[in-house]
file target-v8.cif (mmCIF, C-alpha atoms)
data_model
#
loop_
_atom_site.label_atom_id
_atom_site.label_comp_id
_atom_site.auth_asym_id
_atom_site.auth_seq_id
_atom_site.Cartn_x
_atom_site.Cartn_y
_atom_site.Cartn_z
CA MET J 1 0.00 0.00 0.00
CA LYS J 2 2.81 2.40 0.86
CA ALA J 3 4.42 1.99 -2.55
CA GLY J 4 1.12 2.94 -4.19
CA LEU J 5 0.94 6.10 -2.13
CA LEU J 6 4.48 7.04 -3.08
CA ALA J 7 4.21 6.16 -6.74
CA GLY J 8 5.25 9.15 -8.78
CA ALA J 9 6.88 10.86 -5.81
CA ALA J 10 10.06 12.73 -6.62
CA PRO J 11 13.25 10.97 -5.56
CA GLY J 12 14.99 12.25 -2.45
CA PHE J 13 18.55 13.53 -2.23
CA ASP J 14 19.57 10.16 -0.81
CA ARG J 15 19.26 9.11 -4.48
CA PRO J 16 21.06 12.04 -6.13
CA LEU J 17 21.46 10.46 -9.56
CA ASP J 18 17.72 9.86 -9.70
CA VAL J 19 17.19 13.50 -8.71
CA LEU J 20 19.44 14.60 -11.58
CA GLU J 21 17.53 12.40 -14.00
CA ALA J 22 14.21 13.78 -12.75
CA CYS J 23 15.59 17.30 -13.30
CA HIS J 24 16.39 16.30 -16.88
CA ASP J 25 12.75 15.33 -17.36
CA ARG J 26 11.59 18.69 -16.00
CA ILE J 27 14.03 20.59 -18.24
CA ALA J 28 12.67 18.66 -21.23
CA ARG J 29 9.11 19.62 -20.25
CA GLN J 30 10.12 23.29 -20.05
CA CYS J 31 11.59 22.96 -23.54
CA ASP J 32 8.23 21.57 -24.68
CA THR J 33 6.58 24.64 -23.15
CA LEU J 34 8.97 26.94 -25.02
CA GLU J 35 8.10 25.29 -28.34
CA LYS J 36 4.38 25.56 -27.61
CA LEU J 37 4.87 29.18 -26.56
CA LEU J 38 6.48 30.03 -29.91
CA ALA J 39 3.43 28.74 -31.76
CA HIS J 40 0.99 30.25 -29.27
CA LEU J 41 2.53 33.71 -29.52
CA SER J 42 2.23 33.80 -33.30
CA ALA J 43 -1.45 32.84 -33.09
CA HIS J 44 -2.58 34.65 -29.92
CA GLY J 45 0.09 37.16 -28.91
CA ALA J 46 1.07 37.70 -25.30
CA ASP J 47 -2.28 36.73 -23.83
CA THR J 48 -2.76 35.44 -20.30
CA GLN J 49 -1.71 31.89 -21.21
CA ALA J 50 1.46 33.12 -22.92
CA ARG J 51 2.38 35.33 -19.97
CA GLN J 52 1.83 32.45 -17.55
CA ALA J 53 3.93 30.10 -19.67
CA ALA J 54 6.73 32.66 -19.91
CA ARG J 55 6.59 33.17 -16.13
CA ALA J 56 6.83 29.40 -15.52
CA VAL J 57 9.80 28.96 -17.88
CA LEU J 58 11.57 31.95 -16.31
CA ALA J 59 11.01 30.62 -12.81
CA TYR J 60 12.31 27.17 -13.72
CA PHE J 61 15.44 28.18 -15.61
CA ASP J 62 16.32 30.95 -13.15
CA THR J 63 16.34 28.59 -10.17
CA ALA J 64 16.04 24.83 -10.58
CA ALA J 65 17.98 24.58 -13.85
CA ARG J 66 20.74 26.78 -12.45
CA HIS J 67 20.98 24.56 -9.36
CA HIS J 68 21.07 21.53 -11.62
CA HIS J 69 24.09 22.78 -13.54
CA ASP J 70 25.81 23.63 -10.26
CA ASP J 71 25.05 20.10 -8.99
CA GLU J 72 26.84 18.71 -11.99
CA GLU J 73 29.75 21.12 -12.31
CA ARG J 74 30.56 21.60 -8.63
CA ASN J 75 29.79 18.12 -7.36
CA LEU J 76 29.07 15.33 -9.86
CA PHE J 77 31.82 16.09 -12.38
CA PRO J 78 34.58 16.36 -9.76
CA LEU J 79 33.40 13.07 -8.21
CA LEU J 80 33.61 11.36 -11.61
CA GLU J 81 37.13 12.70 -12.11
CA GLN J 82 38.19 11.68 -8.59
CA ALA J 83 36.80 8.19 -9.16
CA GLY J 84 39.01 7.88 -12.23
CA ALA J 85 36.03 7.26 -14.47
CA PRO J 86 37.17 6.46 -18.02
CA GLY J 87 36.91 9.53 -20.22
CA ALA J 88 35.68 11.70 -17.34
CA CYS J 89 37.99 14.62 -18.12
CA ASP J 90 36.80 14.81 -21.73
CA LEU J 91 33.16 14.42 -20.68
CA VAL J 92 33.48 17.16 -18.09
CA GLU J 93 35.13 19.55 -20.55
CA THR J 94 32.50 18.98 -23.23
CA LEU J 95 29.54 19.22 -20.87
CA THR J 96 30.90 22.31 -19.12
CA LEU J 97 31.28 24.05 -22.50
CA GLU J 98 27.69 23.11 -23.32
CA HIS J 99 26.56 24.49 -19.96
CA ASP J 100 28.33 27.74 -20.82
CA GLU J 101 26.62 27.91 -24.21
CA LEU J 102 23.24 27.14 -22.62
CA ALA J 103 23.81 29.90 -20.06
CA LEU J 104 24.59 32.40 -22.83
CA LEU J 105 21.52 31.36 -24.83
CA TRP J 106 19.42 31.56 -21.66
CA ARG J 107 20.53 35.13 -20.91
CA ARG J 108 19.36 36.19 -24.36
CA LEU J 109 16.12 34.23 -24.21
CA ARG J 110 15.41 35.38 -20.66
CA ALA J 111 15.13 39.03 -21.69
CA ALA J 112 12.64 38.15 -24.43
CA LEU J 113 10.60 35.97 -22.07
CA GLN J 114 10.45 38.80 -19.56
CA GLY J 115 8.94 40.94 -22.30
CA VAL J 116 6.32 38.28 -22.98
CA GLU J 117 5.66 37.87 -19.26
CA THR J 118 4.87 41.56 -18.89
CA GLY J 119 3.02 41.77 -22.20
CA ALA J 120 5.57 44.25 -23.57
CA THR J 121 6.31 41.97 -26.51
CA SER J 122 4.28 39.29 -28.22
CA MET J 123 7.00 37.28 -29.89
CA LEU J 124 10.19 35.34 -29.35
CA ASP J 125 12.98 35.12 -31.89
CA GLU J 126 12.47 31.59 -33.22
CA ALA J 127 16.08 30.71 -34.14
CA PRO J 128 17.73 31.30 -30.73
CA THR J 129 14.73 29.87 -28.90
CA LEU J 130 14.91 26.67 -30.92
CA ARG J 131 18.70 26.57 -30.55
CA PHE J 132 18.23 26.66 -26.77
CA VAL J 133 15.64 23.87 -26.95
CA VAL J 134 17.66 21.67 -29.32
CA LEU J 135 20.90 22.07 -27.37
CA ASN J 136 19.13 21.30 -24.09
CA ARG J 137 17.57 18.16 -25.53
CA SER J 138 20.81 16.82 -27.01
CA HIS J 139 22.67 17.69 -23.80
CA LEU J 140 20.09 15.88 -21.66
CA GLU J 141 20.09 12.85 -23.93
CA PHE J 142 23.88 12.61 -23.71
CA GLU J 143 23.86 12.92 -19.92
CA ASN J 144 21.08 10.32 -19.59
CA THR J 145 22.77 7.80 -21.86
CA HIS J 146 26.42 8.33 -20.90
CA VAL J 147 27.03 10.40 -17.77
CA LEU J 148 24.41 9.03 -15.38
CA PRO J 149 25.13 5.38 -16.27
CA LEU J 150 28.85 6.07 -15.80
CA ALA J 151 28.18 7.69 -12.42
CA ARG J 152 26.06 4.70 -11.37
CA ARG J 153 28.96 2.38 -12.21
CA VAL J 154 31.84 4.30 -10.60
CA LEU J 155 30.49 6.23 -7.63
CA ASP J 156 30.44 4.46 -4.30
CA ALA J 157 27.98 5.02 -1.45
CA ALA J 158 30.16 7.69 0.17
CA GLY J 159 30.43 9.63 -3.09
CA LEU J 160 26.70 9.43 -3.67
CA ALA J 161 26.04 10.63 -0.12
CA ARG J 162 28.41 13.58 -0.63
CA LEU J 163 26.63 14.44 -3.87
CA GLY J 164 23.20 14.20 -2.25
CA ARG J 165 24.24 16.32 0.74
CA ALA J 166 25.65 19.04 -1.52
CA MET J 167 22.53 19.06 -3.66
CA ALA J 168 20.25 19.34 -0.61
CA ALA J 169 22.40 22.11 0.89
CA ARG J 170 22.28 24.07 -2.38
CA ARG J 171 18.50 24.09 -2.06
CA ASN J 172 18.49 24.72 1.69
CA VAL J 173 16.66 21.51 2.46
CA PRO J 174 17.66 18.86 4.99
CA PHE J 175 19.48 15.79 3.74
CA VAL J 176 17.71 12.63 4.80
CA GLY J 177 19.95 9.69 4.08
#
call {"tool": "encode", "arguments": {"input": "target-v8.cif", "output": "structure tokens"}}
result
Amino acid sequence: MKAGLLAGAAPGFDRPLDVLEACHDRIARQCDTLEKLLAHLSAHGADTQARQAARAVLAYFDTAARHHHDDEERNLFPLLEQAGAPGACDLVETLTLEHDELALLWRRLRAALQGVETGATSMLDEAPTLRFVVLNRSHLEFENTHVLPLARRVLDAAGLARLGRAMAARRNVPFVG
């Protein structure tokens, strides 16, 4: 009965790799929202739905997505390198460069979304918006198929606990392990 009640519950920080994977799912859903918003704006302008969607995307990428990249860059990637994971240095370099590119694209997109949120503008520039979406999706796919499985193979219980504690602290929530 308990499992039924907890079905669909978000993983806790005692399972940090599952938390990272769940974050990937949420980022993908925000990318879906951005694509829908592009189409919605051209048909309806910055109506109430568009402003709400822009607000939700802004809130997510300004907080949770930023924490997610910090989780990876400050905690997961160093743990992979310390564990001597094969190819970790190259993975970390590539993914960090992609994070930097995503951050740059986000800064540009953010300003446009703020305009939609306030109703000051009723459009997003399609090319950079889609570039942000496409890069996010390919980045997430790579992390889900290569980085997370690698982490599951090479990180021990102590490393996973360190990762989970750091992730919980970043969000100012207690670590229950």
call {"tool": "closest_residue", "arguments": {"input": "target-v8.cif", "among": "J:Leu135, J:Ala112, J:Ala64, J:Ala83", "to": "J:Leu95", "atoms": "only C-alpha atoms"}}
result
J:Leu135
call {"tool": "resolve_selection", "arguments": {"input": "target-v8.cif", "expression": "the PyMOL selection byres ((chain J and resi 152) around 12)", "output": "list in words"}}
result
Arg15, Pro16, Leu17, Asp18, Leu20, Glu21, Leu76, Leu79, Leu80, Ala83, Ala85, Asn144, Thr145, His146, Val147, Leu148, Pro149, Leu150, Ala151, Arg153, Val154, Leu155, Asp156, Ala157, Gly159 and Leu160 of chain J
call {"tool": "atom_distance", "arguments": {"input": "target-v8.cif", "atom1": "atom CA of J:Asn75", "atom2": "atom CA of J:Ala166"}}
result
7.2 Å
call {"tool": "resolve_selection", "arguments": {"input": "target-v8.cif", "expression": "the PyMOL selection byres ((chain J and resi 105) around 12)", "output": "PyMOL selection string"}}
result
chain J and resi 61+98-104+106-112+125+127-136
call {"tool": "closest_residue", "arguments": {"input": "target-v8.cif", "among": "J:Phe77, J:Phe142, J:Tyr60, J:Phe13", "to": "J:Gly164", "atoms": "all atoms listed in the file"}}
result
J:Phe13
call {"tool": "resolve_selection", "arguments": {"input": "target-v8.cif", "expression": "the PyMOL selection byres ((chain J and resi 46) around 12)", "output": "mmCIF file with C-alpha atoms, in the frame of the given file"}}
result
data_model
loop_
_atom_site.group_PDB
_atom_site.id
_atom_site.type_symbol
_atom_site.label_atom_id
_atom_site.label_comp_id
_atom_site.auth_asym_id
_atom_site.auth_seq_id
_atom_site.Cartn_x
_atom_site.Cartn_y
_atom_site.Cartn_z
ATOM 1 C CA LEU J 37 4.870 29.180 -26.560
ATOM 2 C CA LEU J 38 6.480 30.030 -29.910
ATOM 3 C CA ALA J 39 3.430 28.740 -31.760
ATOM 4 C CA HIS J 40 0.990 30.250 -29.270
ATOM 5 C CA LEU J 41 2.530 33.710 -29.520
ATOM 6 C CA SER J 42 2.230 33.800 -33.300
ATOM 7 C CA ALA J 43 -1.450 32.840 -33.090
ATOM 8 C CA HIS J 44 -2.580 34.650 -29.920
ATOM 9 C CA GLY J 45 0.090 37.160 -28.910
ATOM 10 C CA ASP J 47 -2.280 36.730 -23.830
ATOM 11 C CA THR J 48 -2.760 35.440 -20.300
ATOM 12 C CA GLN J 49 -1.710 31.890 -21.210
ATOM 13 C CA ALA J 50 1.460 33.120 -22.920
ATOM 14 C CA ARG J 51 2.380 35.330 -19.970
ATOM 15 C CA GLN J 52 1.830 32.450 -17.550
ATOM 16 C CA ALA J 53 3.930 30.100 -19.670
ATOM 17 C CA ALA J 54 6.730 32.660 -19.910
ATOM 18 C CA ARG J 55 6.590 33.170 -16.130
ATOM 19 C CA ALA J 112 12.640 38.150 -24.430
ATOM 20 C CA LEU J 113 10.600 35.970 -22.070
ATOM 21 C CA GLN J 114 10.450 38.800 -19.560
ATOM 22 C CA GLY J 115 8.940 40.940 -22.300
ATOM 23 C CA VAL J 116 6.320 38.280 -22.980
ATOM 24 C CA GLU J 117 5.660 37.870 -19.260
ATOM 25 C CA THR J 118 4.870 41.560 -18.890
ATOM 26 C CA GLY J 119 3.020 41.770 -22.200
ATOM 27 C CA ALA J 120 5.570 44.250 -23.570
ATOM 28 C CA THR J 121 6.310 41.970 -26.510
ATOM 29 C CA SER J 122 4.280 39.290 -28.220
ATOM 30 C CA MET J 123 7.000 37.280 -29.890
ATOM 31 C CA LEU J 124 10.190 35.340 -29.350
#
call {"tool": "closest_residue", "arguments": {"input": "target-v8.cif", "among": "J:Arg165, J:His139, J:Arg171, J:Arg29", "to": "J:Thr63", "atoms": "all atoms listed in the file"}}
result
J:Arg171
call {"tool": "atom_distance", "arguments": {"input": "target-v8.cif", "atom1": "atom CA of J:His68", "atom2": "atom CA of J:Cys23"}}
result
7.1 Å
call {"tool": "atom_distance", "arguments": {"input": "target-v8.cif", "atom1": "atom CA of J:Glu126", "atom2": "atom CA of J:Ala65"}}
result
21.3 Å
call {"tool": "residues_around", "arguments": {"input": "target-v8.cif", "residues": "J:Arg74", "least_positions_apart": "4", "cutoff": "12 Å", "atoms": "all atoms listed in the file", "output": "PyMOL selection string"}}
result
chain J and resi 66-70+78-81+92+96+162-163+166-167+170
call {"tool": "closest_residue", "arguments": {"input": "target-v8.cif", "among": "J:Val57, J:Ala28, J:Glu141, J:Asp14", "to": "J:Ala158", "atoms": "all atoms listed in the file"}}
result
J:Asp14
call {"tool": "closest_residue", "arguments": {"input": "target-v8.cif", "among": "J:Arg137, J:Glu35, J:Glu73, J:Gln82", "to": "J:Leu97", "atoms": "only C-alpha atoms"}}
result
J:Glu73
call {"tool": "decode", "arguments": {"input": "target-v8.cif", "residues": "stretch 132-175 of chain J", "atoms": "C-alpha atoms", "output": "PDB file, in the first residue's frame"}}
result
ATOM      1  CA  PHE J 132      18.226  26.661 -26.769  1.00  0.00           C
ATOM      2  CA  VAL J 133      15.636  23.870 -26.951  1.00  0.00           C
ATOM      3  CA  VAL J 134      17.661  21.667 -29.319  1.00  0.00           C
ATOM      4  CA  LEU J 135      20.905  22.067 -27.366  1.00  0.00           C
ATOM      5  CA  ASN J 136      19.132  21.304 -24.092  1.00  0.00           C
ATOM      6  CA  ARG J 137      17.569  18.160 -25.531  1.00  0.00           C
ATOM      7  CA  SER J 138      20.812  16.822 -27.007  1.00  0.00           C
ATOM      8  CA  HIS J 139      22.667  17.686 -23.799  1.00  0.00           C
ATOM      9  CA  LEU J 140      20.088  15.882 -21.656  1.00  0.00           C
ATOM     10  CA  GLU J 141      20.093  12.847 -23.930  1.00  0.00           C
ATOM     11  CA  PHE J 142      23.877  12.607 -23.710  1.00  0.00           C
ATOM     12  CA  GLU J 143      23.858  12.920 -19.922  1.00  0.00           C
ATOM     13  CA  ASN J 144      21.082  10.318 -19.585  1.00  0.00           C
ATOM     14  CA  THR J 145      22.770   7.796 -21.864  1.00  0.00           C
ATOM     15  CA  HIS J 146      26.420   8.334 -20.899  1.00  0.00           C
ATOM     16  CA  VAL J 147      27.032  10.400 -17.774  1.00  0.00           C
ATOM     17  CA  LEU J 148      24.414   9.035 -15.385  1.00  0.00           C
ATOM     18  CA  PRO J 149      25.129   5.377 -16.267  1.00  0.00           C
ATOM     19  CA  LEU J 150      28.851   6.071 -15.801  1.00  0.00           C
ATOM     20  CA  ALA J 151      28.175   7.686 -12.422  1.00  0.00           C
ATOM     21  CA  ARG J 152      26.055   4.703 -11.370  1.00  0.00           C
ATOM     22  CA  ARG J 153      28.965   2.384 -12.211  1.00  0.00           C
ATOM     23  CA  VAL J 154      31.840   4.297 -10.604  1.00  0.00           C
ATOM     24  CA  LEU J 155      30.487   6.227  -7.629  1.00  0.00           C
ATOM     25  CA  ASP J 156      30.439   4.464  -4.295  1.00  0.00           C
ATOM     26  CA  ALA J 157      27.975   5.021  -1.446  1.00  0.00           C
ATOM     27  CA  ALA J 158      30.159   7.686   0.167  1.00  0.00           C
ATOM     28  CA  GLY J 159      30.435   9.631  -3.092  1.00  0.00           C
ATOM     29  CA  LEU J 160      26.700   9.432  -3.675  1.00  0.00           C
ATOM     30  CA  ALA J 161      26.038  10.629  -0.120  1.00  0.00           C
ATOM     31  CA  ARG J 162      28.411  13.584  -0.635  1.00  0.00           C
ATOM     32  CA  LEU J 163      26.632  14.441  -3.868  1.00  0.00           C
ATOM     33  CA  GLY J 164      23.202  14.200  -2.252  1.00  0.00           C
ATOM     34  CA  ARG J 165      24.237  16.323   0.736  1.00  0.00           C
ATOM     35  CA  ALA J 166      25.652  19.036  -1.521  1.00  0.00           C
ATOM     36  CA  MET J 167      22.526  19.064  -3.659  1.00  0.00           C
ATOM     37  CA  ALA J 168      20.250  19.336  -0.606  1.00  0.00           C
ATOM     38  CA  ALA J 169      22.402  22.112   0.885  1.00  0.00           C
ATOM     39  CA  ARG J 170      22.284  24.069  -2.380  1.00  0.00           C
ATOM     40  CA  ARG J 171      18.496  24.092  -2.064  1.00  0.00           C
ATOM     41  CA  ASN J 172      18.492  24.716   1.690  1.00  0.00           C
ATOM     42  CA  VAL J 173      16.655  21.509   2.460  1.00  0.00           C
ATOM     43  CA  PRO J 174      17.656  18.859   4.995  1.00  0.00           C
ATOM     44  CA  PHE J 175      19.476  15.794   3.742  1.00  0.00           C
TER      45      PHE J 175
END
